[in-house]
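K.L.:
If it helps, the file is called work_11.cif and holds mmCIF, C-alpha atoms:
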data_model
#
loop_
_atom_site.label_atom_id
_atom_site.label_comp_id
_atom_site.auth_asym_id
_atom_site.auth_seq_id
_atom_site.Cartn_x
_atom_site.Cartn_y
_atom_site.Cartn_z
CA MET A 55 -0.26 -6.55 1.86
CA SER A 56 -2.86 -6.27 4.50
CA THR A 57 -5.77 -8.47 4.99
CA ALA A 58 -6.65 -8.29 8.57
CA HIS A 59 -6.97 -10.63 11.49
CA GLY A 60 -8.89 -9.96 14.68
CA THR A 61 -8.71 -6.31 15.71
CA THR A 62 -6.62 -5.39 12.67
CA THR A 63 -9.51 -5.82 10.23
CA PRO A 64 -11.06 -2.57 8.95
CA PRO A 65 -14.86 -2.32 9.39
CA GLY A 66 -16.75 -4.63 7.06
CA VAL A 67 -13.68 -6.51 5.81
CA PRO A 68 -13.60 -10.23 6.61
CA GLY A 69 -10.35 -11.71 7.92
CA PRO A 70 -8.81 -14.89 6.48
CA ARG A 71 -6.96 -17.63 8.30
CA PRO A 72 -3.31 -17.04 9.23
CA TRP A 73 -0.90 -18.11 6.53
CA SER A 74 0.42 -21.66 6.59
CA ALA A 75 2.49 -21.41 3.39
CA ASP A 76 4.17 -18.17 2.43
CA PRO A 77 5.36 -17.81 -1.17
CA TYR A 78 5.81 -14.07 -0.64
CA SER A 79 8.36 -14.56 2.14
CA ASP A 80 10.13 -17.19 0.05
CA ALA A 81 10.38 -14.70 -2.81
CA LEU A 82 11.88 -12.04 -0.53
CA VAL A 83 14.53 -14.46 0.66
CA THR A 84 15.61 -15.24 -2.91
CA GLY A 85 14.94 -11.74 -4.23
CA ARG A 86 13.13 -13.00 -7.31
CA GLY A 87 9.84 -14.38 -8.61
CA PRO A 88 7.86 -15.41 -10.42
CA LEU A 89 5.14 -14.31 -8.02
CA PHE A 90 1.55 -13.33 -8.73
CA LEU A 91 -1.72 -12.26 -7.25
CA ARG A 92 -4.38 -14.69 -8.39
CA ARG A 93 -7.96 -13.52 -8.34
CA THR A 94 -10.71 -16.00 -7.66
CA ASP A 95 -11.54 -16.00 -11.38
CA GLY A 96 -8.02 -17.23 -12.13
CA TRP A 97 -6.63 -13.94 -13.50
CA LEU A 98 -2.92 -13.64 -12.66
CA LEU A 99 -1.40 -10.25 -11.80
CA PRO A 100 2.42 -10.32 -11.79
CA LEU A 101 4.27 -8.84 -8.81
CA GLU A 102 7.56 -6.95 -9.16
CA VAL A 103 9.65 -8.83 -6.61
CA GLU A 104 13.00 -8.03 -8.20
CA ARG A 105 12.31 -4.28 -8.19
CA TRP A 106 11.11 -4.33 -4.60
CA CYS A 107 14.21 -6.19 -3.43
CA ALA A 108 16.60 -3.86 -5.25
CA ARG A 109 17.71 -0.43 -4.11
CA ALA A 110 15.45 2.56 -4.70
CA ASP A 111 15.42 3.43 -8.40
CA ALA A 112 15.19 6.78 -10.18
CA VAL A 113 11.38 6.82 -10.00
CA ASP A 114 11.43 6.03 -6.29
CA LEU A 115 13.82 8.91 -5.75
CA THR A 116 11.39 11.36 -7.33
CA VAL A 117 8.83 10.27 -4.74
CA LEU A 118 11.24 10.45 -1.82
CA GLY A 119 12.28 13.92 -2.90
CA ARG A 120 8.72 15.10 -2.17
CA CYS A 121 8.61 13.68 1.34
CA GLU A 122 8.38 16.10 4.24
CA GLY A 123 9.71 15.60 7.77
CA THR A 124 9.18 12.18 9.33
CA VAL A 125 8.07 9.42 6.94
CA LEU A 126 5.92 6.34 7.53
CA ASP A 127 6.10 3.72 4.74
CA VAL A 128 2.96 1.57 4.97
CA GLY A 129 3.54 -1.88 3.49
CA CYS A 130 7.27 -1.24 3.25
CA GLY A 131 8.03 -4.71 1.89
CA PRO A 132 11.76 -5.43 1.72
CA GLY A 133 12.49 -1.83 2.66
CA ARG A 134 14.19 -0.12 -0.25
CA LEU A 135 12.46 3.22 0.44
CA VAL A 136 12.99 3.21 4.20
CA ALA A 137 16.64 2.27 3.71
CA GLU A 138 17.17 5.08 1.20
CA LEU A 139 15.60 7.61 3.55
CA ALA A 140 17.78 6.35 6.41
CA ALA A 141 20.88 6.69 4.23
CA ARG A 142 19.91 10.33 3.68
CA GLY A 143 19.57 10.89 7.42
CA ARG A 144 15.79 11.20 7.24
CA PRO A 145 13.69 9.83 10.13
CA ALA A 146 11.61 7.01 8.63
CA LEU A 147 9.80 3.87 9.74
CA GLY A 148 8.42 1.04 7.66
CA ILE A 149 5.56 -1.18 8.77
CA ASP A 150 4.78 -4.57 7.29
CA VAL A 151 3.21 -7.75 8.62
CA SER A 152 5.73 -9.96 6.82
CA GLU A 153 8.56 -11.05 9.10
CA ALA A 154 10.75 -11.59 6.05
CA ALA A 155 10.06 -8.04 4.82
CA VAL A 156 10.93 -6.48 8.17
CA ALA A 157 14.14 -8.51 8.40
CA HIS A 158 15.14 -7.51 4.85
CA THR A 159 14.52 -3.84 5.69
CA ALA A 160 16.78 -4.10 8.72
CA ARG A 161 19.54 -5.69 6.65
CA LEU A 162 19.40 -2.71 4.30
CA GLY A 163 19.80 -0.31 7.22
CA GLY A 164 16.20 0.81 7.63
CA GLN A 165 13.93 0.61 10.67
CA ALA A 166 10.72 -1.40 10.43
CA LEU A 167 8.00 -2.69 12.68
CA ARG A 168 6.08 -5.90 12.09
CA ARG A 169 2.52 -4.64 12.30
CA SER A 170 -0.63 -4.00 10.29
CA VAL A 171 -1.58 -0.41 9.54
CA PHE A 172 -4.88 -1.06 11.33
CA GLU A 173 -3.11 -1.89 14.61
CA PRO A 174 -1.83 0.76 17.05
CA LEU A 175 1.33 2.38 15.74
CA PRO A 176 3.99 4.65 17.24
CA GLY A 177 3.61 8.35 16.60
CA GLU A 178 -0.06 8.27 15.59
CA GLY A 179 -1.16 11.73 14.51
CA ARG A 180 2.43 13.01 14.31
CA TRP A 181 3.84 11.65 11.03
CA ASP A 182 4.56 14.34 8.46
CA THR A 183 4.46 12.07 5.38
CA ALA A 184 3.02 8.62 4.71
CA LEU A 185 3.59 6.41 1.68
CA LEU A 186 1.21 3.94 0.02
CA LEU A 187 3.33 2.77 -2.89
CA ASP A 188 3.59 -0.44 -4.92
CA GLY A 189 -0.18 -0.96 -4.88
CA ASN A 190 -0.57 -0.67 -1.11
CA VAL A 191 -3.65 1.51 -1.47
CA GLY A 192 -5.28 -1.92 -1.79
CA ILE A 193 -4.51 -2.91 1.81
CA GLY A 194 -7.58 -4.36 3.50
CA GLY A 195 -9.74 -4.25 0.37
CA ASP A 196 -11.46 -1.04 1.55
CA PRO A 197 -9.86 2.17 0.23
CA ALA A 198 -12.22 4.41 2.20
CA ALA A 199 -11.29 2.73 5.50
CA LEU A 200 -7.59 2.89 4.64
CA LEU A 201 -7.73 6.59 3.76
CA ARG A 202 -9.48 7.32 7.05
CA ARG A 203 -6.80 5.40 8.88
CA MET A 204 -4.03 7.31 7.10
CA ALA A 205 -5.61 10.60 8.20
CA GLN A 206 -5.37 9.39 11.81
CA LEU A 207 -1.67 8.63 11.42
CA LEU A 208 -0.63 11.93 9.84
CA THR A 209 -0.23 15.29 11.50
CA PRO A 210 -2.84 17.91 10.53
CA GLY A 211 -1.80 19.13 7.09
CA GLY A 212 0.37 16.03 6.58
CA LEU A 213 1.23 14.58 3.18
CA LEU A 214 0.13 11.21 1.78
CA ILE A 215 1.73 9.93 -1.44
CA VAL A 216 -0.17 7.13 -3.17
CA GLU A 217 0.77 5.05 -6.19
CA THR A 218 -2.14 4.15 -8.44
CA LEU A 219 -2.64 2.02 -11.53
CA ALA A 220 -1.37 3.89 -14.55
CA ASP A 221 -3.77 5.32 -17.15
CA VAL A 222 -6.86 3.34 -16.15
CA ASP A 223 -10.01 4.14 -14.19
CA VAL A 224 -10.28 1.00 -12.07
CA ASP A 225 -12.08 0.76 -8.74
CA GLU A 226 -11.98 -2.92 -7.92
CA ARG A 227 -12.38 -4.87 -4.66
CA VAL A 228 -11.38 -8.47 -5.08
CA SER A 229 -10.46 -11.62 -3.23
CA VAL A 230 -6.94 -12.74 -4.13
CA HIS A 231 -4.22 -15.23 -3.26
CA ILE A 232 -0.48 -14.73 -3.51
CA VAL A 233 0.80 -17.56 -5.66
CA ARG A 234 4.15 -18.76 -6.91
CA VAL A 235 3.81 -20.32 -10.34
CA ALA A 236 7.26 -21.66 -11.07
CA ASP A 237 6.29 -25.23 -11.94
CA PRO A 238 3.17 -27.45 -11.92
CA ARG A 239 3.31 -27.55 -8.11
CA SER A 240 2.24 -23.93 -7.64
CA THR A 241 2.11 -22.66 -4.05
CA ALA A 242 -0.65 -20.39 -2.80
CA GLY A 243 -1.68 -18.80 0.46
CA PRO A 244 -5.32 -18.39 1.57
CA ALA A 245 -7.57 -15.76 0.05
CA PHE A 246 -7.72 -12.21 1.40
CA PRO A 247 -9.43 -8.98 0.33
CA TRP A 248 -7.58 -6.47 -1.82
CA ALA A 249 -8.40 -3.34 -3.83
CA ARG A 250 -6.98 -1.90 -7.04
CA LEU A 251 -7.41 1.78 -7.90
CA GLY A 252 -6.63 4.01 -10.83
CA THR A 253 -6.04 7.70 -10.24
CA PRO A 254 -9.64 8.86 -10.91
CA ALA A 255 -11.03 6.34 -8.42
CA LEU A 256 -8.46 7.31 -5.79
CA LEU A 257 -9.34 10.97 -6.16
CA ARG A 258 -13.04 10.20 -5.72
CA HIS A 259 -12.39 8.24 -2.53
CA ALA A 260 -9.98 10.90 -1.27
CA ALA A 261 -12.45 13.74 -1.81
CA ARG A 262 -15.13 11.90 0.15
CA ALA A 263 -12.66 11.24 2.97
CA GLY A 264 -11.71 14.91 3.21
CA TRP A 265 -8.28 14.80 1.55
CA ARG A 266 -7.12 17.65 -0.66
CA ARG A 267 -5.27 16.85 -3.88
CA GLU A 268 -1.84 18.44 -3.91
CA GLY A 269 -0.51 17.03 -7.16
CA GLN A 270 -0.23 14.05 -9.45
CA TRP A 271 2.47 12.83 -11.83
CA SER A 272 3.77 9.87 -13.77
CA ALA A 273 7.31 8.57 -14.12
CA GLY A 274 8.75 5.38 -15.52
CA GLY A 275 5.31 3.99 -16.32
CA ARG A 276 4.13 4.51 -12.72
CA SER A 277 1.47 6.97 -11.51
CA PHE A 278 1.36 8.89 -8.23
CA VAL A 279 -0.97 11.24 -6.37
CA ALA A 280 -0.04 13.54 -3.48
CA LEU A 281 -2.86 14.23 -1.00
CA ARG A 282 -2.87 16.74 1.84
CA ASN A 283 -4.48 15.90 5.17
CA ARG A 284 -6.95 18.64 6.03
CA ASP A 285 -6.05 20.68 9.08
CA GLY A 286 -9.61 21.07 10.35
CA ARG A 287 -10.14 24.55 8.88
CA ASP A 288 -11.13 23.34 5.41
CA GLY A 289 -14.45 21.73 4.60
CA PRO A 290 -14.94 18.80 2.25
CA ASP A 291 -14.40 19.34 -1.44
CA ASP A 292 -18.07 19.45 -2.41
CA ARG A 293 -17.35 19.75 -6.12
CA ASP A 294 -15.32 16.54 -6.16
CA ASP A 295 -18.02 14.84 -4.10
CA ARG A 296 -20.66 15.81 -6.66
CA ASP A 297 -18.45 14.56 -9.45
CA ASP A 298 -18.11 11.26 -7.66
CA ARG A 299 -21.84 10.82 -7.30
CA ASN A 300 -22.21 11.41 -11.04
CA SER A 301 -19.46 8.94 -11.95
CA ARG A 302 -19.45 5.21 -12.42
CA SER A 303 -16.42 3.16 -11.52
CA THR A 304 -14.99 1.10 -14.34
CA SER A 305 -14.52 -2.59 -13.64
CA SER A 306 -11.32 -4.44 -14.32
CA ALA A 307 -12.80 -5.67 -17.59
CA ALA A 308 -11.62 -2.39 -19.11
CA GLU A 309 -8.03 -3.22 -18.25
CA PRO A 310 -5.82 -5.52 -20.32
CA ALA A 311 -5.40 -8.95 -18.72
CA ASN A 312 -2.14 -9.77 -16.96
CA SER A 313 -1.11 -6.13 -16.66
CA THR A 314 1.51 -5.61 -13.97
CA ALA A 315 0.20 -5.16 -10.45
CA VAL A 316 2.61 -3.68 -7.96
CA ILE A 317 1.95 -4.61 -4.40
CA ASN A 318 3.83 -5.21 -1.15
CA SER A 319 3.14 -7.30 1.92
CA GLN A 320 0.60 -6.27 4.56
CA ARG A 321 -1.01 -9.64 5.26
CA ALA A 322 -3.08 -10.46 8.31
CA ARG A 323 -1.52 -11.70 11.48
CA LYS A 324 -1.88 -11.46 15.21
CA PRO A 325 0.22 -8.80 16.96
CA SER A 326 3.77 -9.87 17.73
CA PRO A 327 6.52 -8.27 19.81
CA GLU A 328 7.73 -5.02 18.31
CA SER A 329 10.80 -4.76 16.16
CA PRO A 330 13.10 -1.79 16.83
CA VAL A 331 11.39 1.43 15.73
CA ALA A 332 12.28 5.08 15.67
CA ASN A 333 11.50 6.88 18.90
CA ARG A 334 8.75 9.40 18.43
#
As structure tokens - that is how I would like this structure written.

P.N.:
Amino acid sequence: MSTAHGTTTPPGVPGPRPWSADPYSDALVTGRGPLFLRRTDGWLLPLEVERWCARADAVDLTVLGRCEGTVLDVGCGPGRLVAELAARGRPALGIDVSEAAVAHTARLGGQALRRSVFEPLPGEGRWDTALLLDGNVGIGGDPAALLRRMAQLLTPGGLLIVETLADVDVDERVSVHIVRVADPRSTAGPAFPWARLGTPALLRHAARAGWRREGQWSAGGRSFVALRNRDGRDGPDDRDDRDDRNSRSTSSAAEPANSTAVINSQRARKPSPESPVANR
């Protein structure tokens, strides 16, 4: 999950202090929770650590089957998707600011780089497919900035696959902590900005940013949208833009409390030496 630090912060997004305690990394080492996002109002959103640390499941495989060419997994977490693509002989790179996540990805046989999506990355403008799964459309707390950044990373006409909250119209920017609540001595990191989007909100942001919707589907209780990076010959989708101006985003109050949030690690950090990455 990506809050940003220094030059990695998207415009208008404040950066928190570096982490001093890291319950997320601890959870990746053990492969299990309980682990939560805690909003500043105390609402807990459970994180699916066990699923992230397992191999790619049947729903994941439906997503990977849609990938084209080279694949960049943004917020790859413990690397199940990158590892599955590597096992299929597909060129793929994961990026994540968690050292534990990058190390776990390497152990599974995938390639990963410890870096924020808002930092310089290899192959900018040449990736064929990018993934924002497990809630990673929330990275940085600014969906518009993230979608603009993804357009910079993809080749003209490239494919972006985004996982959204299922069956809700939520467009929420919040300040959250990652917390481990296993006993009365709960552990928490510092606050950072995050966003949570349902499919309608994502489509509104995407239309404004110049993305073209290619498809959307649900599987296993998870929801996905495929967006196509415009190749410069198409203009903005004016109809979707008008719809957005006539729409009101629904706050999280419309969503049942303690519903599952799926999210990986793209926390803030200063740049570090590169891990091995695919040559581009």

K.L.:
Any idea what the distance is between atom CA of Leu126 of chain A and atom CA of Ala184 of chain A?

P.N.:
4.6 Å

K.L.:
Find the residues around segment 138-150 of chain A up to 8 Å (only C-alpha atoms counted), leave out those fewer than 2 positions away in its own chain, and share them as JSON, numbers by chain.

P.N.:
{"A": [55, 109, 110, 118, 123, 124, 125, 126, 127, 128, 129, 130, 131, 133, 134, 135, 136, 152, 153, 155, 156, 163, 164, 165, 166, 167, 168, 169, 170, 171, 319, 320, 321, 331, 332]}

K.L.:
So what do you get for atom CA of Leu200 of chain A versus atom CA of Glu104 of chain A, distance-wise?

P.N.:
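According to the coordinates, atom CA of Leu200 of chain A and atom CA of Glu104 of chain A are separated by 26.6 Å.
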
K.L.:
Could you check the closest approach to Val228 of chain A for each of A:Trp181, A:Phe246, A:Phe90, A:Tyr78 and tell me which residue wins, using all atoms listed in the file?

P.N.:
A:Phe246

K.L.:
Which residue out of A:Glu122, A:Arg227, A:Cys107, A:Arg262 has the minimum interatomic distance to Arg161 of chain A when only C-alpha atoms are used?

P.N.:
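Of all the options, A:Cys107 lies closest to Arg161 of chain A.
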
K.L.:
Mind giving me the straight-line distance from atom CA of Leu208 of chain A to atom CA of Arg284 of chain A in Å, one decimal?

P.N.:
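Separation of atom CA of Leu208 of chain A and atom CA of Arg284 of chain A: 10.0 Å.
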
K.L.:
Around all of segment 177-184 of chain A's listed atoms, make the axis-aligned box with 6 Å on each side and tell me centre and edge lengths in Å to one decimal, as lines of an AutoDock Vina configuration file.

P.N.:
center_x = 1.7
center_y = 11.3
center_z = 10.7
size_x = 17.7
size_y = 18.1
size_z = 23.9

K.L.:
Using all atoms listed in the file, determine which residues lie at most 10 Å from Asp221 of chain A, disregarding the query and same-chain residues fewer than 3 positions distant; provide the list as JSON, numbers by chain.

P.N.:
{"A": [218, 224, 252, 253, 254, 272, 275, 276, 277, 309]}

K.L.:
Only C-alpha atoms, please: the residues just picked out, written as a compact mmCIF listing (two decimals), in the frame of the given file.

P.N.:
# COMPACT_ATOMS: atom_id res chain seq x y z
CA THR A 218 -2.14 4.15 -8.44
CA VAL A 224 -10.28 1.00 -12.07
CA GLY A 252 -6.63 4.01 -10.83
CA THR A 253 -6.04 7.70 -10.24
CA PRO A 254 -9.64 8.86 -10.91
CA SER A 272 3.77 9.87 -13.77
CA GLY A 275 5.31 3.99 -16.32
CA ARG A 276 4.13 4.51 -12.72
CA SER A 277 1.47 6.97 -11.51
CA GLU A 309 -8.03 -3.22 -18.25

K.L.:
Nearest residue to Ala112 of chain A out of A:Ala273, A:Gly211, A:Ala280, A:Thr94, using all atoms listed in the file?

P.N.:
A:Ala273

K.L.:
For the structure shown, which residues end up in the PyMOL selection byres ((chain A and resi 93) around 12)? Put them as a PyMOL selection string, please?

P.N.:
chain A and resi 90-92+94-100+226-233+242+244-250+306+311-312+315

K.L.:
Using all atoms listed in the file for the distances, tell me which of A:Leu187, A:Asp223, A:Gly177, A:Gly195 is nearest to Leu207 of chain A.

P.N.:
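Among the listed residues, A:Gly177 lies closest to Leu207 of chain A.
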
K.L.:
So, with all atoms listed in the file as the atoms that count, which of A:Ala154, A:Cys121, A:Val279, A:Val113 lies closest to Leu82 of chain A?

P.N.:
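Using all atoms listed in the file, the shortest distance to Leu82 of chain A belongs to A:Ala154.
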